[in-house]
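Colleague: Supplied structure: coords15.csv, CSV, C-alpha atoms and all ligand atoms.
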```csv
chain,number,residue,atom,x,y,z
U,1,MET,CA,9.6,-16.7,27.2
U,2,ILE,CA,9.7,-16.5,31.1
U,3,PRO,CA,6.8,-14.3,32.3
U,4,THR,CA,7.9,-11.4,34.5
U,5,VAL,CA,5.7,-10.8,37.5
U,6,ALA,CA,5.9,-8.5,40.5
U,7,PRO,CA,5.7,-10.4,43.8
U,8,TYR,CA,2.4,-10.1,45.8
U,9,PRO,CA,1.2,-7.6,46.9
U,10,LEU,CA,2.9,-5.4,44.4
U,11,GLY,CA,1.5,-7.7,41.7
U,12,ARG,CA,-2.0,-8.9,42.0
U,13,SER,CA,-3.4,-10.9,39.1
U,14,ARG,CA,-7.0,-10.1,40.1
U,15,ARG,CA,-6.5,-6.4,39.2
U,16,LEU,CA,-7.0,-7.4,35.5
U,17,ARG,CA,-10.0,-9.6,36.2
U,18,ARG,CA,-12.0,-7.1,38.1
U,19,ASN,CA,-14.7,-6.4,35.5
U,20,ALA,CA,-15.6,-7.3,32.0
U,21,ALA,CA,-14.1,-4.1,30.5
U,22,ILE,CA,-10.7,-4.8,31.8
U,23,ARG,CA,-10.9,-8.5,31.0
U,24,ASP,CA,-11.9,-7.8,27.4
U,25,MET,CA,-9.1,-5.3,27.2
U,26,VAL,CA,-6.3,-7.7,28.0
U,27,ARG,CA,-7.7,-10.9,26.5
U,28,GLU,CA,-5.1,-12.5,24.2
U,29,ALA,CA,-7.2,-14.6,21.8
U,30,SER,CA,-10.3,-13.4,20.0
U,31,LEU,CA,-13.0,-14.9,17.9
U,32,ALA,CA,-14.6,-13.4,14.8
U,33,SER,CA,-17.1,-14.8,12.3
U,34,SER,CA,-14.4,-14.5,9.6
U,35,ASP,CA,-12.5,-17.3,11.4
U,36,LEU,CA,-15.2,-19.8,10.8
U,37,ILE,CA,-15.9,-22.5,8.2
U,38,TRP,CA,-19.4,-24.0,8.4
U,39,PRO,CA,-19.7,-27.7,7.4
U,40,LEU,CA,-23.1,-28.6,5.8
U,41,PHE,CA,-24.7,-31.9,4.7
U,42,VAL,CA,-26.5,-32.1,1.3
U,43,ARG,CA,-29.1,-34.7,0.3
U,44,GLU,CA,-31.4,-35.4,-2.6
U,45,GLY,CA,-34.9,-34.0,-2.8
U,46,GLU,CA,-36.6,-30.6,-2.8
U,47,ASN,CA,-37.3,-28.4,0.2
U,48,VAL,CA,-36.2,-31.1,2.7
U,49,ALA,CA,-34.3,-30.6,5.9
U,50,GLU,CA,-33.8,-34.0,7.6
U,51,PRO,CA,-32.4,-34.0,11.1
U,52,VAL,CA,-29.2,-35.9,11.9
U,53,PRO,CA,-30.2,-37.8,15.1
U,54,SER,CA,-26.7,-37.9,16.6
U,55,MET,CA,-26.1,-34.2,15.9
U,56,PRO,CA,-29.0,-32.2,17.4
U,57,GLY,CA,-29.5,-29.0,15.5
U,58,VAL,CA,-27.8,-30.3,12.3
U,59,PHE,CA,-29.7,-31.2,9.2
U,60,ARG,CA,-29.2,-32.8,5.8
U,61,HIS,CA,-30.5,-30.2,3.3
U,62,SER,CA,-31.7,-30.6,-0.2
U,63,VAL,CA,-29.8,-28.5,-2.8
U,64,ASP,CA,-32.4,-25.7,-2.8
U,65,ARG,CA,-32.3,-25.4,1.0
U,66,ILE,CA,-28.5,-25.5,1.0
U,67,VAL,CA,-28.5,-22.2,-0.9
U,68,ALA,CA,-30.7,-20.7,1.8
U,69,GLU,CA,-28.2,-21.9,4.5
U,70,ALA,CA,-25.3,-20.4,2.4
U,71,GLU,CA,-27.2,-17.1,2.3
U,72,ARG,CA,-27.4,-17.3,6.1
U,73,ALA,CA,-23.6,-17.9,6.3
U,74,LEU,CA,-22.9,-14.9,4.1
U,75,ALA,CA,-25.3,-12.6,6.0
U,76,LEU,CA,-23.5,-13.6,9.2
U,77,GLY,CA,-20.0,-12.9,7.9
U,78,ILE,CA,-19.0,-16.5,7.7
U,79,PRO,CA,-16.6,-16.6,4.7
U,80,ALA,CA,-16.9,-20.3,3.8
U,81,VAL,CA,-19.1,-23.4,3.8
U,82,ALA,CA,-17.8,-27.0,3.5
U,83,LEU,CA,-20.2,-29.4,1.8
U,84,PHE,CA,-20.6,-33.1,2.5
U,85,PRO,CA,-23.0,-35.4,0.6
U,86,TYR,CA,-25.5,-38.0,1.9
U,87,THR,CA,-25.1,-40.1,-1.2
U,88,PRO,CA,-28.1,-42.4,-2.1
U,89,ASP,CA,-27.1,-46.1,-1.6
U,90,HIS,CA,-27.5,-47.0,-5.2
U,91,ARG,CA,-24.8,-44.5,-6.1
U,92,ARG,CA,-22.2,-46.0,-3.8
U,93,SER,CA,-19.9,-48.5,-5.5
U,94,CYS,CA,-16.5,-50.1,-5.2
U,95,ASP,CA,-14.9,-48.0,-7.9
U,96,CYS,CA,-16.4,-44.8,-6.3
U,97,ALA,CA,-17.4,-43.4,-9.7
U,98,GLU,CA,-20.0,-41.1,-8.2
U,99,ALA,CA,-17.1,-39.1,-6.7
U,100,TRP,CA,-16.2,-37.7,-10.2
U,101,ASN,CA,-19.8,-37.4,-11.5
U,102,PRO,CA,-20.1,-33.7,-12.4
U,103,ASP,CA,-23.7,-33.8,-11.3
U,104,ASN,CA,-23.2,-35.5,-8.0
U,105,LEU,CA,-24.8,-33.8,-4.9
U,106,VAL,CA,-21.9,-31.6,-3.9
U,107,ASN,CA,-21.1,-30.5,-7.4
U,108,ARG,CA,-24.7,-29.5,-8.0
U,109,ALA,CA,-24.8,-27.7,-4.7
U,110,THR,CA,-21.6,-25.9,-5.4
U,111,ARG,CA,-22.9,-24.6,-8.7
U,112,ALA,CA,-26.1,-23.5,-7.1
U,113,ILE,CA,-24.3,-21.6,-4.3
U,114,LYS,CA,-21.7,-20.0,-6.6
U,115,ARG,CA,-24.5,-18.9,-9.0
U,116,ALA,CA,-26.5,-17.2,-6.2
U,117,LEU,CA,-23.6,-16.0,-4.0
U,118,PRO,CA,-20.4,-15.8,-5.9
U,119,GLU,CA,-18.5,-14.2,-3.0
U,120,LEU,CA,-19.1,-17.0,-0.6
U,121,LEU,CA,-16.3,-19.6,-0.5
U,122,VAL,CA,-17.2,-23.2,-1.1
U,123,MET,CA,-14.9,-25.9,0.2
U,124,LEU,CA,-15.3,-29.6,-0.9
U,125,ASP,CA,-13.8,-32.7,0.6
U,126,VAL,CA,-11.6,-34.7,-1.7
U,127,ALA,CA,-12.1,-38.3,-0.4
U,128,LEU,CA,-14.0,-41.3,-1.6
U,129,ASP,CA,-15.8,-42.4,1.6
U,130,PRO,CA,-19.3,-40.9,0.8
U,131,TYR,CA,-19.2,-42.8,-2.5
U,132,ASN,CA,-17.6,-46.0,-1.5
U,133,ALA,CA,-19.6,-49.2,-1.0
U,134,ASP,CA,-16.8,-50.2,1.4
U,135,GLY,CA,-17.1,-47.0,3.5
U,136,HIS,CA,-13.4,-46.4,3.3
U,137,ASP,CA,-11.6,-43.3,2.0
U,138,GLY,CA,-9.6,-45.3,-0.6
U,139,ILE,CA,-10.2,-48.0,-3.2
U,140,VAL,CA,-10.4,-51.3,-1.5
U,141,LYS,CA,-9.1,-54.5,-3.0
U,142,ASP,CA,-9.0,-57.9,-1.2
U,143,GLY,CA,-9.5,-56.0,2.1
U,144,ILE,CA,-6.6,-53.6,1.5
U,145,VAL,CA,-7.0,-49.9,1.0
U,146,LEU,CA,-4.9,-49.1,-2.0
U,147,ASN,CA,-2.8,-45.9,-2.1
U,148,ASP,CA,-1.7,-45.3,-5.6
U,149,GLU,CA,-5.0,-46.4,-7.3
U,150,THR,CA,-6.8,-44.1,-4.9
U,151,LEU,CA,-4.7,-41.1,-6.2
U,152,ASP,CA,-6.0,-41.6,-9.7
U,153,ALA,CA,-9.6,-41.4,-8.4
U,154,LEU,CA,-8.8,-38.4,-6.2
U,155,GLU,CA,-7.4,-36.5,-9.2
U,156,ARG,CA,-10.5,-37.1,-11.2
U,157,GLN,CA,-12.7,-36.1,-8.2
U,158,ALA,CA,-10.7,-32.9,-7.6
U,159,LEU,CA,-10.8,-31.7,-11.2
U,160,VAL,CA,-14.6,-32.1,-11.4
U,161,GLN,CA,-15.0,-30.2,-8.1
U,162,ALA,CA,-12.8,-27.4,-9.4
U,163,GLU,CA,-14.8,-27.4,-12.6
U,164,ALA,CA,-18.0,-27.0,-10.5
U,165,GLY,CA,-16.6,-23.9,-8.9
U,166,ALA,CA,-15.1,-25.0,-5.6
U,167,ASP,CA,-12.8,-22.4,-4.2
U,168,ILE,CA,-11.1,-24.6,-1.7
U,169,LEU,CA,-10.4,-28.4,-1.9
U,170,GLY,CA,-9.9,-30.3,1.3
U,171,PRO,CA,-8.1,-33.6,0.7
U,172,SER,CA,-9.2,-35.6,3.8
U,173,ASP,CA,-8.3,-39.2,3.0
U,174,MET,CA,-4.6,-39.3,4.3
U,175,MET,CA,-3.3,-41.2,1.2
U,176,ASP,CA,0.4,-40.6,0.6
U,177,GLY,CA,1.2,-38.2,-2.3
U,178,ARG,CA,-2.3,-36.9,-2.7
U,179,ILE,CA,-1.5,-33.2,-2.3
U,180,ARG,CA,1.2,-33.2,-5.1
U,181,ARG,CA,-1.1,-35.2,-7.4
U,182,ILE,CA,-4.0,-32.9,-6.9
U,183,ARG,CA,-1.9,-29.7,-7.0
U,184,GLU,CA,-0.2,-30.7,-10.3
U,185,ALA,CA,-3.5,-31.7,-11.9
U,186,LEU,CA,-5.1,-28.3,-10.9
U,187,GLU,CA,-2.1,-26.4,-12.4
U,188,ARG,CA,-2.2,-28.4,-15.6
U,189,ARG,CA,-5.8,-27.8,-16.1
U,190,GLY,CA,-5.7,-24.0,-15.4
U,191,PHE,CA,-7.2,-24.1,-11.9
U,192,GLU,CA,-4.1,-22.5,-10.4
U,193,ASP,CA,-6.3,-20.3,-8.1
U,194,VAL,CA,-8.1,-23.2,-6.4
U,195,ALA,CA,-6.7,-23.4,-2.8
U,196,ILE,CA,-5.9,-26.6,-1.0
U,197,LEU,CA,-6.7,-26.9,2.7
U,198,SER,CA,-5.1,-30.2,3.5
U,199,TYR,CA,-6.4,-32.4,6.3
U,200,ALA,CA,-2.7,-32.8,7.0
U,201,ALA,CA,-2.8,-34.2,10.6
U,202,LYS,CA,-5.9,-36.3,10.7
U,203,TYR,CA,-6.1,-38.9,13.4
U,204,ALA,CA,-7.9,-42.3,13.4
U,205,SER,CA,-10.4,-41.0,15.9
U,206,ALA,CA,-13.5,-42.2,17.7
U,207,PHE,CA,-14.9,-38.7,17.4
U,208,TYR,CA,-16.1,-39.0,13.8
U,209,GLY,CA,-19.0,-41.4,14.6
U,210,PRO,CA,-21.9,-38.9,14.2
U,211,PHE,CA,-20.4,-37.6,10.9
U,212,ARG,CA,-20.4,-41.1,9.5
U,213,ASP,CA,-24.1,-41.4,10.4
U,214,ALA,CA,-24.7,-38.0,8.7
U,215,VAL,CA,-23.1,-39.1,5.4
U,216,GLY,CA,-24.5,-42.6,5.7
U,217,ALA,CA,-21.1,-44.3,5.8
U,218,SER,CA,-21.2,-46.0,9.2
U,219,GLY,CA,-23.2,-49.0,8.0
U,220,ALA,CA,-20.8,-49.7,5.1
U,221,LEU,CA,-17.5,-49.3,6.9
U,222,LYS,CA,-15.8,-52.6,7.5
U,223,GLY,CA,-13.0,-52.4,10.1
U,224,ASP,CA,-11.3,-49.1,10.9
U,225,LYS,CA,-9.2,-46.4,9.2
U,226,LYS,CA,-6.0,-47.0,11.2
U,227,THR,CA,-3.9,-48.0,8.1
U,228,TYR,CA,-4.1,-44.5,6.7
U,229,GLN,CA,-5.3,-42.1,9.5
U,230,MET,CA,-2.8,-41.2,12.3
U,231,ASP,CA,-2.3,-43.0,15.6
U,232,PRO,CA,-3.6,-40.8,18.4
U,233,GLY,CA,-0.4,-41.3,20.4
U,234,ASN,CA,1.8,-39.5,17.9
U,235,SER,CA,2.9,-35.8,17.8
U,236,ASP,CA,6.2,-35.7,15.9
U,237,GLU,CA,4.5,-37.6,13.1
U,238,ALA,CA,2.0,-34.8,12.7
U,239,LEU,CA,4.8,-32.4,12.0
U,240,ARG,CA,6.2,-34.7,9.3
U,241,GLU,CA,2.7,-35.0,7.7
U,242,VAL,CA,2.2,-31.2,7.7
U,243,ARG,CA,5.6,-30.6,6.3
U,244,ARG,CA,5.1,-33.1,3.5
U,245,ASP,CA,1.8,-31.5,2.6
U,246,ILE,CA,3.2,-28.0,2.5
U,247,GLU,CA,6.1,-29.2,0.3
U,248,GLU,CA,3.6,-30.9,-2.0
U,249,GLY,CA,1.7,-27.6,-2.5
U,250,ALA,CA,-0.9,-27.3,0.3
U,251,ASP,CA,-1.8,-23.6,1.0
U,252,MET,CA,-3.4,-24.3,4.4
U,253,VAL,CA,-3.3,-27.2,6.8
U,254,MET,CA,-5.7,-28.7,9.3
U,255,VAL,CA,-5.6,-30.7,12.5
U,256,LYS,CA,-8.5,-33.0,13.1
U,257,PRO,CA,-10.2,-33.7,15.5
U,258,GLY,CA,-9.8,-30.5,17.4
U,259,MET,CA,-10.2,-30.3,21.1
U,260,PRO,CA,-8.3,-33.5,22.0
U,261,TYR,CA,-5.5,-32.3,19.7
U,262,LEU,CA,-4.9,-28.7,20.8
U,263,ASP,CA,-1.2,-29.5,21.5
U,264,ILE,CA,-0.8,-30.5,17.8
U,265,CYS,CA,-2.4,-27.2,16.7
U,266,ARG,CA,0.1,-25.3,18.8
U,267,ARG,CA,3.1,-27.3,17.5
U,268,VAL,CA,2.0,-27.0,13.9
U,269,LYS,CA,1.4,-23.3,14.0
U,270,GLU,CA,4.7,-22.6,15.9
U,271,THR,CA,6.8,-24.8,13.6
U,272,PHE,CA,5.5,-23.8,10.2
U,273,GLY,CA,3.6,-20.5,10.6
U,274,VAL,CA,1.2,-21.4,7.8
U,275,PRO,CA,-2.5,-20.8,7.9
U,276,THR,CA,-3.6,-23.5,10.3
U,277,PHE,CA,-7.2,-24.7,11.0
U,278,ALA,CA,-8.8,-27.2,13.4
U,279,TYR,CA,-11.9,-29.2,12.7
U,280,GLN,CA,-14.2,-29.4,15.7
U,281,VAL,CA,-15.6,-32.7,14.6
U,282,SER,CA,-19.0,-34.2,14.9
U,283,GLY,CA,-18.3,-36.2,18.1
U,284,GLU,CA,-17.1,-33.0,19.8
U,285,TYR,CA,-20.2,-31.2,18.8
U,286,ALA,CA,-22.4,-34.2,19.9
U,287,MET,CA,-20.8,-34.3,23.3
U,288,ILE,CA,-21.4,-30.6,24.0
U,289,MET,CA,-25.0,-30.9,22.8
U,290,ALA,CA,-25.8,-34.1,24.7
U,291,ALA,CA,-24.4,-32.7,27.9
U,292,ALA,CA,-26.3,-29.5,27.4
U,293,GLN,CA,-29.5,-31.3,26.7
U,294,ASN,CA,-29.1,-33.1,29.9
U,295,GLY,CA,-28.7,-29.8,31.7
U,296,TRP,CA,-25.2,-30.8,32.7
U,297,ILE,CA,-23.4,-27.9,31.1
U,298,ASP,CA,-24.3,-24.4,29.8
U,299,GLU,CA,-24.6,-24.9,26.0
U,300,GLU,CA,-23.9,-21.4,24.9
U,301,ALA,CA,-20.9,-20.9,27.2
U,302,ALA,CA,-19.4,-24.3,26.4
U,303,MET,CA,-19.8,-23.6,22.6
U,304,MET,CA,-18.0,-20.2,22.8
U,305,GLU,CA,-15.3,-21.5,25.1
U,306,SER,CA,-14.6,-24.6,23.0
U,307,VAL,CA,-14.0,-22.5,19.9
U,308,LEU,CA,-12.1,-19.7,21.5
U,309,ALA,CA,-9.7,-22.4,22.7
U,310,PHE,CA,-8.6,-23.2,19.1
U,311,ARG,CA,-7.7,-19.5,18.6
U,312,ARG,CA,-5.7,-19.5,21.8
U,313,ALA,CA,-3.9,-22.7,20.7
U,314,GLY,CA,-2.7,-20.9,17.5
U,315,CYS,CA,-5.4,-21.7,14.9
U,316,ASP,CA,-6.3,-19.1,12.3
U,317,GLY,CA,-9.7,-20.6,11.9
U,318,VAL,CA,-12.1,-23.4,12.9
U,319,LEU,CA,-14.4,-25.7,11.0
U,320,THR,CA,-17.4,-26.0,13.3
U,321,TYR,CA,-21.0,-27.1,13.2
U,322,PHE,CA,-21.6,-24.2,15.7
U,323,ALA,CA,-20.5,-21.6,13.1
U,324,PRO,CA,-23.8,-19.8,12.6
U,325,ARG,CA,-24.7,-19.8,16.2
U,326,ILE,CA,-21.3,-18.4,17.2
U,327,ALA,CA,-21.6,-15.8,14.5
U,328,GLU,CA,-25.0,-14.8,15.7
U,329,ARG,CA,-23.7,-14.3,19.2
U,330,LEU,CA,-20.7,-12.3,18.1
U,331,ARG,CA,-23.0,-10.1,16.1
U,332,ALA,CA,-25.1,-9.5,19.2
U,333,GLY,CA,-22.0,-8.4,21.0
U,334,MET,CA,-21.8,-11.5,23.2
U,335,GLY,CA,-18.2,-12.3,22.4
U,336,GLY,CA,-15.8,-14.8,23.9
U,401,LIG,C1,-14.0,-38.3,5.5
U,401,LIG,C2,-14.2,-37.3,6.5
U,401,LIG,C3,-14.5,-37.5,7.8
U,401,LIG,C4,-14.8,-36.3,8.4
U,401,LIG,C5,-14.6,-35.3,7.4
U,401,LIG,N1,-14.2,-35.9,6.2
U,401,LIG,C6,-14.8,-38.8,8.5
U,401,LIG,C7,-13.7,-39.9,8.5
U,401,LIG,O1,-12.6,-39.7,8.2
U,401,LIG,O2,-14.2,-41.0,8.8
U,401,LIG,C8,-15.2,-36.1,9.8
U,401,LIG,C9,-15.9,-34.9,10.2
U,401,LIG,C10,-16.6,-35.0,11.5
U,401,LIG,O3,-16.6,-36.0,12.2
U,401,LIG,O4,-17.3,-34.0,11.8
U,401,LIG,N2,-13.0,-38.3,4.6
```
Please express what this file holds, its structure, as structure tokens.
Modeller:
Amino acid sequence: MIPTVAPYPLGRSRRLRRNAAIRDMVREASLASSDLIWPLFVREGENVAEPVPSMPGVFRHSVDRIVAEAERALALGIPAVALFPYTPDHRRSCDCAEAWNPDNLVNRATRAIKRALPELLVMLDVALDPYNADGHDGIVKDGIVLNDETLDALERQALVQAEAGADILGPSDMMDGRIRRIREALERRGFEDVAILSYAAKYASAFYGPFRDAVGASGALKGDKKTYQMDPGNSDEALREVRRDIEEGADMVMVKPGMPYLDICRRVKETFGVPTFAYQVSGEYAMIMAAAQNGWIDEEAAMMESVLAFRRAGCDGVLTYFAPRIAERLRAGMGG
């Protein structure tokens, strides 16, 4: 599309920037609390909220406290929470068996939330890293991350999560063939209404650092995730990954990280037209918070602008640690 404009002075761009009313009237992208998914960290214990040092304002909550956080989400009009576990060390192993323990942290938290708030959507990651003694997303043997053996584990994990009441499964490990494997298993077992939001274009990124601290996986991880997550230099490959996942039965797709990959969000949405999400990851959150705490940027303004940008890029929704704060601002009428 070639924009049509009248030449100056017949056309003056500043006429539509003159005041807030006219700017609001012509703004193209908008933000609503219904576009947000709020990632939360769960830990053992009772009535504990333990701060995550590299993510100011983010806590690991015990299961009872997670229900209170979920209540807050629902009251603010946030439709979904995504739960991540801080697994105790003695439950991490090389076979990752804790991933399909029906009573692991995220499954207990899911049951507690669905019991108290059936209308709030719960999303769970399907990936082995919070349970793996090796810190990787797949089963490791002789230093190699195995693909097909990992699929067996992911299938077991996904079924147990569906059983616990998860509404949305988010396969986040980037193994080949995982979406088909999980989708077929769900169909076979009568979980045909469980949605899959695939982490379809997930890059091997430096921006996941604070998350790995939050789930306690940084110490364990040997090496990097470059043999399964995508190379940051690639864009066409993202389209191939998304296409594969849609063809294997994903209902929604995600680009991750978010802000450094807005071009990928735009291409994915334009090419496939499926529900498309971005994950504003832990490192993006930490950067904004750190700069703000130094007085170098305006925290609230940077928060709102960073998330509105995903909507402008074509995303239908955003996973963000800022979700409740954004929803609070929107509720107070302090929009984008
Ligand atoms: C793990 C997973 C990661 C994130 C979500 N799921 C980290 C990784 O791939 O190492 C990152 C989220 C964030 O950084 O906020 N499968």
Colleague: Each residue of chain U with at least one atom at most 9 Å from ligand LIG 401 (chain U) should appear once, together with its nearest atom pair and the corresponding distance in Å (one decimal); atoms considered: all atoms listed in the file; ordering: chain, then increasing residue number; output as JSON lines.
Modeller:
```
{"residue": "U:Pro39", "atom": "CA", "partner": "U:LIG401", "partner_atom": "O4", "distance": 8.1}
{"residue": "U:Phe84", "atom": "CA", "partner": "U:LIG401", "partner_atom": "N1", "distance": 7.9}
{"residue": "U:Asp125", "atom": "CA", "partner": "U:LIG401", "partner_atom": "N1", "distance": 6.5}
{"residue": "U:Val126", "atom": "CA", "partner": "U:LIG401", "partner_atom": "N2", "distance": 7.4}
{"residue": "U:Ala127", "atom": "CA", "partner": "U:LIG401", "partner_atom": "N2", "distance": 5.1}
{"residue": "U:Leu128", "atom": "CA", "partner": "U:LIG401", "partner_atom": "N2", "distance": 7.0}
{"residue": "U:Asp129", "atom": "CA", "partner": "U:LIG401", "partner_atom": "N2", "distance": 5.8}
{"residue": "U:Pro130", "atom": "CA", "partner": "U:LIG401", "partner_atom": "C1", "distance": 7.5}
{"residue": "U:Gly135", "atom": "CA", "partner": "U:LIG401", "partner_atom": "O2", "distance": 8.5}
{"residue": "U:His136", "atom": "CA", "partner": "U:LIG401", "partner_atom": "O2", "distance": 7.7}
{"residue": "U:Asp137", "atom": "CA", "partner": "U:LIG401", "partner_atom": "N2", "distance": 5.8}
{"residue": "U:Gly170", "atom": "CA", "partner": "U:LIG401", "partner_atom": "N1", "distance": 8.6}
{"residue": "U:Pro171", "atom": "CA", "partner": "U:LIG401", "partner_atom": "N2", "distance": 7.8}
{"residue": "U:Ser172", "atom": "CA", "partner": "U:LIG401", "partner_atom": "N2", "distance": 4.7}
{"residue": "U:Asp173", "atom": "CA", "partner": "U:LIG401", "partner_atom": "N2", "distance": 5.0}
{"residue": "U:Met174", "atom": "CA", "partner": "U:LIG401", "partner_atom": "N2", "distance": 8.5}
{"residue": "U:Tyr199", "atom": "CA", "partner": "U:LIG401", "partner_atom": "N1", "distance": 8.5}
{"residue": "U:Lys202", "atom": "CA", "partner": "U:LIG401", "partner_atom": "O1", "distance": 7.9}
{"residue": "U:Tyr203", "atom": "CA", "partner": "U:LIG401", "partner_atom": "O1", "distance": 8.4}
{"residue": "U:Ala204", "atom": "CA", "partner": "U:LIG401", "partner_atom": "O1", "distance": 7.5}
{"residue": "U:Ser205", "atom": "CA", "partner": "U:LIG401", "partner_atom": "O2", "distance": 8.1}
{"residue": "U:Ala206", "atom": "CA", "partner": "U:LIG401", "partner_atom": "O3", "distance": 8.8}
{"residue": "U:Phe207", "atom": "CA", "partner": "U:LIG401", "partner_atom": "O3", "distance": 6.1}
{"residue": "U:Tyr208", "atom": "CA", "partner": "U:LIG401", "partner_atom": "O3", "distance": 3.4}
{"residue": "U:Gly209", "atom": "CA", "partner": "U:LIG401", "partner_atom": "O3", "distance": 6.4}
{"residue": "U:Pro210", "atom": "CA", "partner": "U:LIG401", "partner_atom": "O3", "distance": 6.4}
{"residue": "U:Phe211", "atom": "CA", "partner": "U:LIG401", "partner_atom": "O3", "distance": 4.3}
{"residue": "U:Arg212", "atom": "CA", "partner": "U:LIG401", "partner_atom": "C6", "distance": 6.1}
{"residue": "U:Ala214", "atom": "CA", "partner": "U:LIG401", "partner_atom": "O4", "distance": 9.0}
{"residue": "U:Val215", "atom": "CA", "partner": "U:LIG401", "partner_atom": "C6", "distance": 8.9}
{"residue": "U:Ala217", "atom": "CA", "partner": "U:LIG401", "partner_atom": "O2", "distance": 8.2}
{"residue": "U:Ser218", "atom": "CA", "partner": "U:LIG401", "partner_atom": "O2", "distance": 8.6}
{"residue": "U:Asp224", "atom": "CA", "partner": "U:LIG401", "partner_atom": "O2", "distance": 8.9}
{"residue": "U:Lys225", "atom": "CA", "partner": "U:LIG401", "partner_atom": "O2", "distance": 7.4}
{"residue": "U:Gln229", "atom": "CA", "partner": "U:LIG401", "partner_atom": "O1", "distance": 7.8}
{"residue": "U:Lys256", "atom": "CA", "partner": "U:LIG401", "partner_atom": "C8", "distance": 8.1}
{"residue": "U:Pro257", "atom": "CA", "partner": "U:LIG401", "partner_atom": "O3", "distance": 7.6}
{"residue": "U:Tyr279", "atom": "CA", "partner": "U:LIG401", "partner_atom": "O4", "distance": 7.3}
{"residue": "U:Gln280", "atom": "CA", "partner": "U:LIG401", "partner_atom": "O4", "distance": 6.8}
{"residue": "U:Val281", "atom": "CA", "partner": "U:LIG401", "partner_atom": "O4", "distance": 3.5}
{"residue": "U:Ser282", "atom": "CA", "partner": "U:LIG401", "partner_atom": "O4", "distance": 3.5}
{"residue": "U:Gly283", "atom": "CA", "partner": "U:LIG401", "partner_atom": "O3", "distance": 6.1}
{"residue": "U:Glu284", "atom": "CA", "partner": "U:LIG401", "partner_atom": "O4", "distance": 8.1}
{"residue": "U:Tyr285", "atom": "CA", "partner": "U:LIG401", "partner_atom": "O4", "distance": 8.1}
{"residue": "U:Leu319", "atom": "CA", "partner": "U:LIG401", "partner_atom": "O4", "distance": 8.8}
{"residue": "U:Thr320", "atom": "CA", "partner": "U:LIG401", "partner_atom": "O4", "distance": 8.1}
{"residue": "U:Tyr321", "atom": "CA", "partner": "U:LIG401", "partner_atom": "O4", "distance": 8.0}
```
Colleague: Which neighbours of U:Ala158 fall inside 10 Å, counting only C-alpha atoms, when residues of the same chain fewer than 5 positions from it are skipped, and could you give them as a PyMOL selection string?
Modeller: chain U and resi 99-100+124-127+153+163-164+166+169-171+181-183+185-186
Colleague: Taking all atoms listed in the file into account, name the residue in U:Lys226, U:Arg23, U:Arg312, U:Arg14 that is nearest to U:Asp263.
Modeller: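 Looking only at the distances to U:Asp263, the closest residue turns out to be U:Arg312.
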Colleague: Between U:Asn19, U:Ser235, U:Ser198, U:Asn294, which residue has the minimum interatomic distance to U:Met254, considering all atoms listed in the file?
Modeller: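 Of all the options, U:Ser198 lies closest to U:Met254.
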Colleague: Within 7 Å of (-0.2, -24.0, 20.9) in the file's own coordinates, which protein, DNA or RNA residues have an atom, counting only C-alpha atoms? List them as a list in words.
Modeller: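 In the file's frame, the residues around the point are Leu262, Asp263, Cys265, Arg266, Arg267, Ala313 and Gly314 of chain U.
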Colleague: Would you compute the distance between atom CA of U:Ala68 and atom CA of U:Glu44? Give it in Å to one decimal.
Modeller: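 If I compute the distance from atom CA of U:Ala68 to atom CA of U:Glu44, I get 15.4 Å.
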Colleague: Show me, as JSON, numbers by chain, the residues that have an atom within 8 Å of U:Leu31 when counting only C-alpha atoms, minus same-chain residues fewer than 2 positions from it.
Modeller: {"U": [29, 33, 35, 307, 308, 311, 335, 336]}
